[in-house]
file model_5.txt (compact mmCIF, C-alpha atoms)
# COMPACT_ATOMS: atom_id res chain seq x y z
CA MET H 25 0.00 0.00 0.00
CA ALA H 26 1.35 3.42 -0.98
CA LYS H 27 2.57 5.60 1.87
CA ARG H 28 0.45 8.55 2.84
CA ASP H 29 1.83 12.03 2.48
CA PHE H 30 3.68 12.97 5.69
CA TYR H 31 1.94 16.35 5.85
CA ASP H 32 -1.44 14.63 5.59
CA VAL H 33 -0.42 12.16 8.33
CA LEU H 34 0.28 15.03 10.73
CA GLY H 35 -2.59 17.14 9.45
CA VAL H 36 -0.52 20.22 8.56
CA SER H 37 0.09 22.20 5.40
CA ARG H 38 3.38 22.17 3.50
CA SER H 39 4.02 25.74 4.62
CA ALA H 40 3.70 24.80 8.32
CA SER H 41 6.47 26.05 10.62
CA ALA H 42 8.63 23.76 12.74
CA GLU H 43 6.63 24.74 15.82
CA GLU H 44 3.33 23.94 14.09
CA ILE H 45 4.69 20.55 12.99
CA LYS H 46 5.81 19.75 16.55
CA LYS H 47 2.46 20.83 17.99
CA ALA H 48 0.58 18.65 15.50
CA TYR H 49 2.81 15.69 16.34
CA ARG H 50 2.22 16.07 20.07
CA LYS H 51 -1.51 16.02 19.54
CA LYS H 52 -1.42 12.96 17.25
CA ALA H 53 1.04 11.06 19.47
CA LYS H 54 -1.16 11.47 22.52
CA GLU H 55 -4.29 10.60 20.58
CA LEU H 56 -2.88 7.42 19.00
CA HIS H 57 -0.60 6.11 21.75
CA PRO H 58 -1.10 2.29 22.05
CA ASP H 59 -1.52 2.49 25.81
CA ARG H 60 -4.61 4.62 25.30
CA ASN H 61 -5.99 2.53 22.44
CA ALA H 62 -5.77 -1.06 23.64
CA ASP H 63 -9.03 -1.94 21.88
CA ASN H 64 -8.01 -0.38 18.55
CA PRO H 65 -5.81 -2.74 16.45
CA ASP H 66 -4.99 0.05 13.95
CA ALA H 67 -3.71 2.47 16.56
CA GLU H 68 -0.20 1.04 16.73
CA SER H 69 0.40 1.18 12.98
CA ARG H 70 -0.97 4.73 12.77
CA PHE H 71 1.14 5.67 15.77
CA LYS H 72 4.29 4.45 13.97
CA GLU H 73 3.18 6.30 10.84
CA VAL H 74 2.88 9.55 12.80
CA ASN H 75 6.34 9.06 14.29
CA GLU H 76 7.86 8.32 10.90
CA ALA H 77 6.33 11.48 9.49
CA TYR H 78 7.57 13.63 12.33
CA GLU H 79 11.05 12.07 12.17
CA ALA H 80 11.29 13.23 8.55
CA LEU H 81 9.72 16.67 8.90
CA LYS H 82 11.33 17.83 12.16
CA ASP H 83 14.81 17.85 10.56
CA PRO H 84 15.30 20.78 8.12
CA GLU H 85 17.53 18.77 5.74
CA LYS H 86 15.23 15.76 5.67
CA LYS H 87 12.22 18.04 5.23
CA ALA H 88 13.85 19.82 2.27
CA ALA H 89 14.64 16.46 0.67
CA TYR H 90 11.09 15.23 1.26
CA ASP H 91 9.59 18.44 -0.16
CA ARG H 92 11.66 17.92 -3.34
CA PHE H 93 11.59 14.15 -3.85
CA GLY H 94 8.77 12.89 -1.65
CA HIS H 95 9.11 9.41 -0.16
CA ALA H 96 11.79 8.60 -2.75
CA ALA H 97 14.17 10.87 -0.81
CA PHE H 98 14.47 8.15 1.83
CA GLU H 99 14.73 5.14 -0.46
CA GLY H 100 18.03 3.47 -1.33
CA GLY H 101 18.06 4.61 -4.99
CA MET H 102 18.66 8.29 -4.30
CA GLY H 103 22.37 8.42 -4.95
CA GLY H 104 23.14 6.33 -1.86
CA GLY H 105 22.47 9.25 0.43
CA GLY H 106 18.81 8.80 1.16
CA ARG H 107 18.25 6.86 4.34
CA GLY H 108 14.72 6.74 5.63
CA PRO H 109 13.76 8.07 9.03
CA GLY H 110 13.95 4.55 10.43
CA ALA H 111 16.30 2.90 7.94
CA GLY H 112 19.00 0.68 9.41
CA MET H 113 17.63 1.11 12.93
CA HIS H 114 16.20 -1.32 15.43
CA PRO H 115 12.39 -1.47 15.09
CA GLY H 116 10.95 1.28 17.24
CA ALA H 117 14.30 3.01 17.76
CA GLY H 118 13.36 5.91 15.50
CA PHE H 119 10.16 6.41 17.45
CA SER H 120 11.96 6.12 20.77
CA SER H 121 14.41 8.85 19.84
CA THR H 122 11.72 11.10 18.41
CA PHE H 123 9.23 10.66 21.25
CA SER H 124 12.03 11.12 23.78
CA ASP H 125 12.75 14.57 22.35
CA VAL H 126 9.13 15.60 22.58
CA PHE H 127 8.67 14.08 26.04
CA GLU H 128 11.67 16.01 27.29
CA ASP H 129 10.35 19.16 25.69
CA LEU H 130 6.96 18.67 27.33
CA PHE H 131 8.05 17.55 30.80
CA GLY H 132 11.72 18.51 31.07
CA ASP H 133 11.09 21.50 33.31
CA PHE H 134 9.06 19.39 35.73
CA MET H 135 11.49 16.47 35.83
CA GLY H 136 14.76 18.29 36.09
CA GLY H 137 14.60 21.91 35.10
CA ALA H 138 15.48 23.41 31.76
CA ARG H 139 18.00 21.55 29.62
CA GLY H 140 21.47 21.87 30.99
CA GLY H 141 20.14 23.26 34.26
CA GLY H 142 20.46 20.34 36.65
CA ARG H 143 23.95 21.19 37.81
CA GLN H 144 24.54 22.18 41.42
CA ARG H 145 27.98 23.51 42.05
CA ALA H 146 28.61 25.28 45.34
CA SER H 147 25.45 24.86 47.40
CA ARG H 148 24.21 26.98 50.32
CA GLY H 149 24.66 25.65 53.83
CA SER H 150 21.74 24.68 56.06
CA ASP H 151 20.07 27.07 58.48
CA LEU H 152 20.46 26.32 62.19
CA ARG H 153 18.12 26.83 65.15
CA TYR H 154 19.15 27.64 68.73
CA ASN H 155 16.64 27.79 71.61
CA MET H 156 17.60 30.41 74.20
CA ARG H 157 15.94 30.96 77.57
CA VAL H 158 16.16 34.45 79.08
CA THR H 159 14.87 35.95 82.33
CA LEU H 160 12.13 38.56 82.45
CA GLU H 161 14.67 41.09 83.72
CA GLU H 162 16.90 40.42 80.70
CA ALA H 163 13.91 40.77 78.38
CA TYR H 164 13.08 44.10 80.05
CA SER H 165 16.49 45.72 79.77
CA GLY H 166 18.06 43.77 76.89
CA THR H 167 21.32 41.89 77.24
CA GLN H 168 24.18 40.25 75.41
CA LYS H 169 24.81 36.53 75.67
CA SER H 170 27.53 34.18 74.47
CA ILE H 171 26.44 30.87 73.02
CA ARG H 172 28.35 27.82 71.80
CA VAL H 173 27.06 26.41 68.53
CA PRO H 174 28.27 23.09 67.04
CA THR H 175 28.17 23.45 63.27
CA LEU H 176 29.89 22.69 59.97
CA SER H 177 32.41 25.41 59.19
CA THR H 178 34.54 26.12 56.13
CA CYS H 179 37.71 24.01 56.11
CA ASP H 180 40.75 26.24 56.67
CA SER H 181 43.13 23.79 54.98
CA CYS H 182 41.45 23.97 51.56
CA ASP H 183 39.45 27.23 51.91
CA GLY H 184 36.24 25.26 51.37
CA THR H 185 37.16 23.87 47.93
CA GLY H 186 37.54 20.29 49.22
CA ALA H 187 40.77 19.85 47.24
CA GLU H 188 44.22 19.47 48.72
CA GLY H 189 46.08 22.77 48.71
CA GLY H 190 42.95 24.71 47.75
CA ALA H 191 43.03 23.52 44.11
CA GLU H 192 39.89 24.01 42.05
CA PRO H 193 37.59 20.99 41.45
CA VAL H 194 37.48 19.57 37.91
CA THR H 195 34.51 18.80 35.68
CA CYS H 196 32.91 15.44 36.38
CA PRO H 197 33.73 13.03 33.50
CA THR H 198 30.53 11.01 33.96
CA CYS H 199 28.04 13.84 33.42
CA SER H 200 30.35 16.38 31.74
CA GLY H 201 29.55 18.90 34.43
CA MET H 202 25.76 18.67 34.06
CA GLY H 203 25.16 17.05 37.46
CA LYS H 204 22.67 14.62 35.90
CA VAL H 205 22.83 11.58 33.64
CA ARG H 206 20.18 10.26 31.25
CA ALA H 207 19.17 6.69 30.56
CA GLN H 208 16.86 5.38 27.83
CA GLN H 209 14.01 3.20 29.11
CA GLY H 210 11.66 2.14 26.37
CA PHE H 211 9.95 5.20 24.93
CA PHE H 212 11.21 7.55 27.62
CA THR H 213 14.45 9.20 28.70
CA ILE H 214 14.93 9.12 32.47
CA GLU H 215 17.13 11.77 34.08
CA ARG H 216 18.91 10.96 37.35
CA THR H 217 21.43 12.63 39.64
CA CYS H 218 24.97 11.78 38.59
CA PRO H 219 26.28 9.00 40.88
CA THR H 220 29.89 10.15 40.51
CA CYS H 221 29.61 13.78 41.61
CA GLY H 222 26.29 13.63 43.47
CA GLY H 223 24.79 16.33 41.28
CA LEU H 224 27.55 18.91 41.81
CA GLY H 225 28.94 18.63 38.28
CA GLN H 226 32.48 18.64 39.68
CA ILE H 227 34.78 16.21 41.43
CA VAL H 228 37.89 16.63 43.54
CA LYS H 229 40.88 14.67 42.27
CA ASN H 230 42.99 15.05 45.42
CA PRO H 231 40.60 15.40 48.38
CA CYS H 232 41.68 17.57 51.30
CA LYS H 233 42.89 15.36 54.17
CA ALA H 234 41.38 17.64 56.81
CA CYS H 235 37.79 17.56 55.51
CA GLY H 236 37.82 14.48 53.24
CA GLY H 237 36.89 16.57 50.20
CA ALA H 238 33.69 18.03 51.67
CA GLY H 239 35.13 21.51 52.14
CA ARG H 240 33.57 21.62 55.64
CA VAL H 241 34.61 20.42 59.08
CA GLU H 242 32.61 20.14 62.29
CA LYS H 243 33.50 22.78 64.85
CA GLU H 244 32.01 24.42 67.92
CA ARG H 245 31.91 28.19 67.65
CA THR H 246 31.29 30.81 70.32
CA LEU H 247 29.00 33.62 69.20
CA SER H 248 27.93 36.81 70.93
CA VAL H 249 24.18 37.45 70.56
CA ASN H 250 22.54 40.81 71.23
CA ILE H 251 19.13 40.35 72.88
CA PRO H 252 17.09 43.55 72.40
CA ALA H 253 14.77 44.87 75.10
CA GLY H 254 11.14 43.76 74.73
CA VAL H 255 11.68 40.21 73.46
CA GLU H 256 9.11 37.61 74.46
CA THR H 257 8.53 33.89 74.03
CA GLY H 258 8.44 33.17 70.30
CA THR H 259 10.66 36.10 69.27
CA ARG H 260 13.06 35.03 66.52
CA ILE H 261 16.48 36.62 66.02
CA ARG H 262 18.27 35.97 62.72
CA LEU H 263 22.06 35.92 62.47
CA SER H 264 22.86 36.05 58.78
CA GLY H 265 25.64 33.75 57.58
CA GLU H 266 26.14 32.08 60.97
CA GLY H 267 24.60 28.75 59.98
CA GLU H 268 26.34 25.78 58.37
CA ALA H 269 29.05 26.53 55.83
CA GLY H 270 28.09 25.92 52.21
CA LEU H 271 29.34 22.89 50.30
CA ARG H 272 32.43 23.46 48.15
CA GLY H 273 32.71 27.10 49.12
CA GLY H 274 29.00 27.90 48.82
CA PRO H 275 27.39 30.62 50.99
CA ALA H 276 26.69 29.81 54.63
CA GLY H 277 23.18 29.39 55.99
CA ASP H 278 21.66 31.51 58.76
CA LEU H 279 21.36 30.94 62.51
CA TYR H 280 17.93 31.56 64.07
CA ILE H 281 17.71 32.24 67.81
CA PHE H 282 14.28 31.39 69.26
CA ILE H 283 13.56 33.15 72.56
CA GLU H 284 11.73 31.56 75.51
CA LEU H 285 11.09 33.53 78.73
CA ARG H 286 11.73 31.84 82.06
CA GLU H 287 8.89 31.82 84.58
CA HIS H 288 9.18 34.70 87.08
CA PRO H 289 8.43 34.24 90.79
CA ILE H 290 6.64 37.61 91.13
CA PHE H 291 5.47 38.91 87.76
CA GLN H 292 3.34 37.38 85.01
CA ARG H 293 3.56 38.86 81.53
CA GLU H 294 0.71 39.36 79.08
CA GLY H 295 1.84 41.20 76.00
CA HIS H 296 3.49 44.42 77.15
CA ASP H 297 1.73 44.43 80.54
CA LEU H 298 2.85 42.87 83.80
CA TYR H 299 0.63 41.47 86.55
CA CYS H 300 1.53 41.08 90.21
CA ARG H 301 -0.61 39.57 93.02
CA VAL H 302 -0.09 41.47 96.28
CA PRO H 303 -1.51 40.16 99.59
CA VAL H 304 -3.01 42.69 102.05
CA SER H 305 -4.05 42.02 105.61
CA PHE H 306 -7.65 41.85 106.71
CA ALA H 307 -7.21 45.04 108.75
CA THR H 308 -5.53 46.98 105.89
CA ALA H 309 -8.27 45.93 103.49
CA ALA H 310 -10.95 47.10 105.95
CA LEU H 311 -9.32 50.32 107.15
CA GLY H 312 -7.24 51.27 104.09
CA GLY H 313 -3.53 51.97 104.01
CA GLU H 314 -0.46 51.56 101.82
CA VAL H 315 1.57 48.63 100.48
CA GLU H 316 5.03 48.65 98.90
CA VAL H 317 5.36 46.71 95.64
CA PRO H 318 8.40 45.87 93.48
CA THR H 319 8.75 46.94 89.83
CA ILE H 320 10.55 45.06 87.04
CA ASP H 321 13.28 47.71 86.80
CA GLY H 322 14.33 46.88 90.38
CA GLY H 323 12.58 49.85 91.96
CA ARG H 324 9.79 50.14 94.53
CA SER H 325 6.40 51.85 94.42
CA ARG H 326 4.02 52.66 97.29
CA VAL H 327 0.39 51.99 96.42
CA LYS H 328 -2.62 53.29 98.35
CA VAL H 329 -5.15 50.65 99.37
CA PRO H 330 -8.69 52.09 99.60
CA ALA H 331 -10.70 51.25 102.72
CA GLY H 332 -13.10 48.36 102.26
CA VAL H 333 -11.25 46.93 99.26
CA GLN H 334 -12.22 43.41 98.15
CA SER H 335 -10.03 40.57 96.86
CA GLY H 336 -9.41 40.80 93.12
CA LYS H 337 -9.34 44.60 92.99
CA GLN H 338 -6.77 45.76 90.41
CA LEU H 339 -4.67 48.91 90.65
CA ARG H 340 -2.62 50.17 87.71
CA LEU H 341 0.85 51.66 87.60
CA ARG H 342 1.23 53.33 84.21
CA GLY H 343 4.46 52.80 82.27
CA LYS H 344 5.78 50.13 84.66
CA GLY H 345 5.31 47.22 82.25
CA MET H 346 7.53 45.83 79.46
CA PRO H 347 8.99 47.90 76.62
CA ALA H 348 7.82 47.17 73.09
CA LEU H 349 10.36 45.28 70.99
CA ARG H 350 10.83 48.10 68.47
CA GLY H 351 10.40 51.06 70.76
CA ALA H 352 6.64 51.57 70.36
CA GLY H 353 5.92 52.56 73.98
CA THR H 354 5.82 50.69 77.29
CA GLY H 355 3.11 48.60 78.92
CA ASP H 356 1.57 49.01 82.39
CA MET H 357 1.80 47.06 85.62
CA PHE H 358 -1.40 45.79 87.22
CA ILE H 359 -1.53 45.02 90.93
CA GLU H 360 -4.18 42.54 92.04
CA LEU H 361 -4.97 42.85 95.72
CA VAL H 362 -5.61 39.61 97.61
CA VAL H 363 -7.19 39.96 101.06
CA GLU H 364 -5.64 37.42 103.40
CA THR H 365 -7.63 35.50 106.00
CA PRO H 366 -5.66 35.34 109.23
CA VAL H 367 -4.63 31.89 110.45
CA ASN H 368 -3.27 30.43 113.72
CA LEU H 369 -5.27 32.88 115.85
CA THR H 370 -4.66 33.28 119.56
CA ALA H 371 -7.53 33.04 122.04
CA ARG H 372 -7.60 36.83 122.39
CA GLN H 373 -7.72 37.33 118.60
CA LYS H 374 -10.60 34.88 118.31
CA GLU H 375 -12.44 36.69 121.10
CA LEU H 376 -12.01 40.04 119.36
CA LEU H 377 -13.15 38.62 116.00
CA ARG H 378 -16.30 37.17 117.57
CA GLU H 379 -17.01 40.52 119.14
CA PHE H 380 -16.39 42.19 115.79
CA GLU H 381 -18.68 39.70 114.03
CA SER H 382 -21.51 40.47 116.46
CA LEU H 383 -21.15 44.15 115.65
CA SER H 384 -20.89 43.68 111.85
CA GLU H 385 -24.53 43.42 111.01
CA ASN H 386 -24.43 46.01 108.20
CA ASN H 387 -20.74 45.91 107.25
CA ASN H 388 -20.84 43.20 104.58
CA PRO H 389 -22.69 44.64 101.57
CA GLU H 390 -21.59 41.96 99.11
CA GLY H 391 -22.59 39.13 101.47
CA SER H 392 -25.92 40.77 102.28
CA SER H 393 -26.69 41.18 98.59
CA PHE H 394 -25.77 37.57 97.79
CA PHE H 395 -27.86 36.00 100.55
CA SER H 396 -30.80 38.25 99.70
CA LYS H 397 -30.70 36.82 96.15
CA VAL H 398 -30.43 33.29 97.52
CA LYS H 399 -33.51 33.83 99.71
CA SER H 400 -35.49 35.12 96.71
CA PHE H 401 -34.37 32.09 94.69
CA TRP H 402 -35.49 29.60 97.33
CA ASP H 403 -38.82 31.45 97.86
CA GLY H 404 -39.45 31.24 94.12
CA MET H 405 -38.76 27.51 94.07
CA THR H 406 -41.11 26.76 96.96
CA GLY H 407 -43.82 29.14 95.69
call {"tool": "encode", "arguments": {"input": "model_5.txt", "output": "structure tokens"}}
result
Amino acid sequence: MAKRDFYDVLGVSRSASAEEIKKAYRKKAKELHPDRNADNPDAESRFKEVNEAYEALKDPEKKAAYDRFGHAAFEGGMGGGGRGPGAGMHPGAGFSSTFSDVFEDLFGDFMGGARGGGRQRASRGSDLRYNMRVTLEEAYSGTQKSIRVPTLSTCDSCDGTGAEGGAEPVTCPTCSGMGKVRAQQGFFTIERTCPTCGGLGQIVKNPCKACGGAGRVEKERTLSVNIPAGVETGTRIRLSGEGEAGLRGGPAGDLYIFIELREHPIFQREGHDLYCRVPVSFATAALGGEVEVPTIDGGRSRVKVPAGVQSGKQLRLRGKGMPALRGAGTGDMFIELVVETPVNLTARQKELLREFESLSENNNPEGSSFFSKVKSFWDGMTG
């Protein structure tokens, strides 16, 4: 049976551009692929026909010969120079090569980046994390701390190149510096990381004895860290370039300091404000008076206690809280008064309290109000 015109096979005109021919081939190849047409016995032959047509028309020289001589351009009688798109090749090899090119064009960016772009030479070092606990006083005033960080640092013997004497690495002979190698598997070309250079594209002929060719050695460094005033739990401080050294002289990663505040025995922090529970005696709460309270800056403040104050009453000292991290003001300090019930009473104290209780008929407004509501509640239930 006479061969169909290659342009008709792909469904394009003779004036079609190379991009139009490739686009038409992609469409036909997907449409007629045997895996998608298991119930169509003609699909495989048409699939091969499409590949043969594209193999001839994708190459400018073959296309020019086909445009001039037709199918005869690829038959043996054309001066010995006309070899067909699949002549002399293993069955299916022409298709494999052709489809591989298109597959790579379609999915190359997803599988391994643009062509020639898989190489990784000097790579950036990893970032490091350090958890630091600070006191509330240190968070209030700011401080400077020294920390010891075990990390991978640039090898001094080879200046991070990994080669003895600081010599430059050479191009990997396996992947020719690409960092990746390709293997043909059936219809597809599979791209993998080069096993010789590990994707770097370079190898070290004479590895440095100090670092074994890695360009990095494990060391413990002492760093000075500035803790600004106003930090709180969760604050993150970034030290640029203080992480792990990069591979083969690549840039170093960063070191991140995560702050955690220690629990304070007196103050509790909420945002920029501080809270402090201050006990007052029964007599001071009833008669009024003053109490002395500490402040986070190490000072003291005298606070007036109003007569008849109840437990839970809050008093505010403005500007005695924590500073904002970036200088946007200062919080307040709230004092919560806690009325203490006396314990371990002497006989005389008990006698005086009983006498006081007998004279306190109208001195407990909150209790009187509560029990009045309770009486109304019970009367409603029984009524």
call {"tool": "closest_residue", "arguments": {"input": "model_5.txt", "among": "H:Ala234, H:Glu192, H:Glu266, H:Asn155", "to": "Thr246 in chain H", "atoms": "all atoms listed in the file"}}
result
H:Glu266
call {"tool": "closest_residue", "arguments": {"input": "model_5.txt", "among": "H:Gly267, H:Gly332, H:Gly312, H:Gly404", "to": "Lys243 in chain H", "atoms": "all atoms listed in the file"}}
result
H:Gly267
call {"tool": "atom_distance", "arguments": {"input": "model_5.txt", "atom1": "CA of Glu256 in chain H", "atom2": "CA of Leu285 in chain H"}}
result
6.2 Å
call {"tool": "residues_around", "arguments": {"input": "model_5.txt", "residues": "Met156 in chain H", "least_positions_apart": "2", "cutoff": "10 Å", "atoms": "all atoms listed in the file", "output": "list in words"}}
result
Arg153, Tyr154, Val158, Lys169, Ile171, Thr257, Ile281, Phe282, Ile283, Glu284, Leu285 and Arg286 of chain H
call {"tool": "atom_distance", "arguments": {"input": "model_5.txt", "atom1": "CA of Pro65 in chain H", "atom2": "CA of Val33 in chain H"}}
result
17.8 Å
call {"tool": "atom_distance", "arguments": {"input": "model_5.txt", "atom1": "CA of Val329 in chain H", "atom2": "CA of Ser396 in chain H"}}
result
28.5 Å
call {"tool": "residues_around", "arguments": {"input": "model_5.txt", "residues": "Thr167 in chain H", "least_positions_apart": "6", "cutoff": "10 Å", "atoms": "all atoms listed in the file", "output": "PyMOL selection string"}}
result
chain H and resi 158+161+249-253
call {"tool": "residues_around", "arguments": {"input": "model_5.txt", "residues": "Tyr49 in chain H", "least_positions_apart": "5", "cutoff": "10 Å", "atoms": "all atoms listed in the file", "output": "PyMOL selection string"}}
result
chain H and resi 33-36+43-44+54-55+74-75+77-79+82+123+126
call {"tool": "residues_around", "arguments": {"input": "model_5.txt", "residues": "range 296-303 of chain H", "least_positions_apart": "4", "cutoff": "8 Å", "atoms": "all atoms listed in the file", "output": "count of residues only"}}
result
20
call {"tool": "residues_near_point", "arguments": {"input": "model_5.txt", "point": "(42.4, 15.6, 48.2)", "cutoff": "10 Å", "atoms": "only C-alpha atoms", "output": "PyMOL selection string"}}
result
chain H and resi 182+185-191+193+228-238
call {"tool": "residues_around", "arguments": {"input": "model_5.txt", "residues": "range 365-369 of chain H", "least_positions_apart": "3", "cutoff": "9 Å", "atoms": "only C-alpha atoms", "output": "VMD selection string"}}
result
chain H and resid 305 to 306 372 to 374
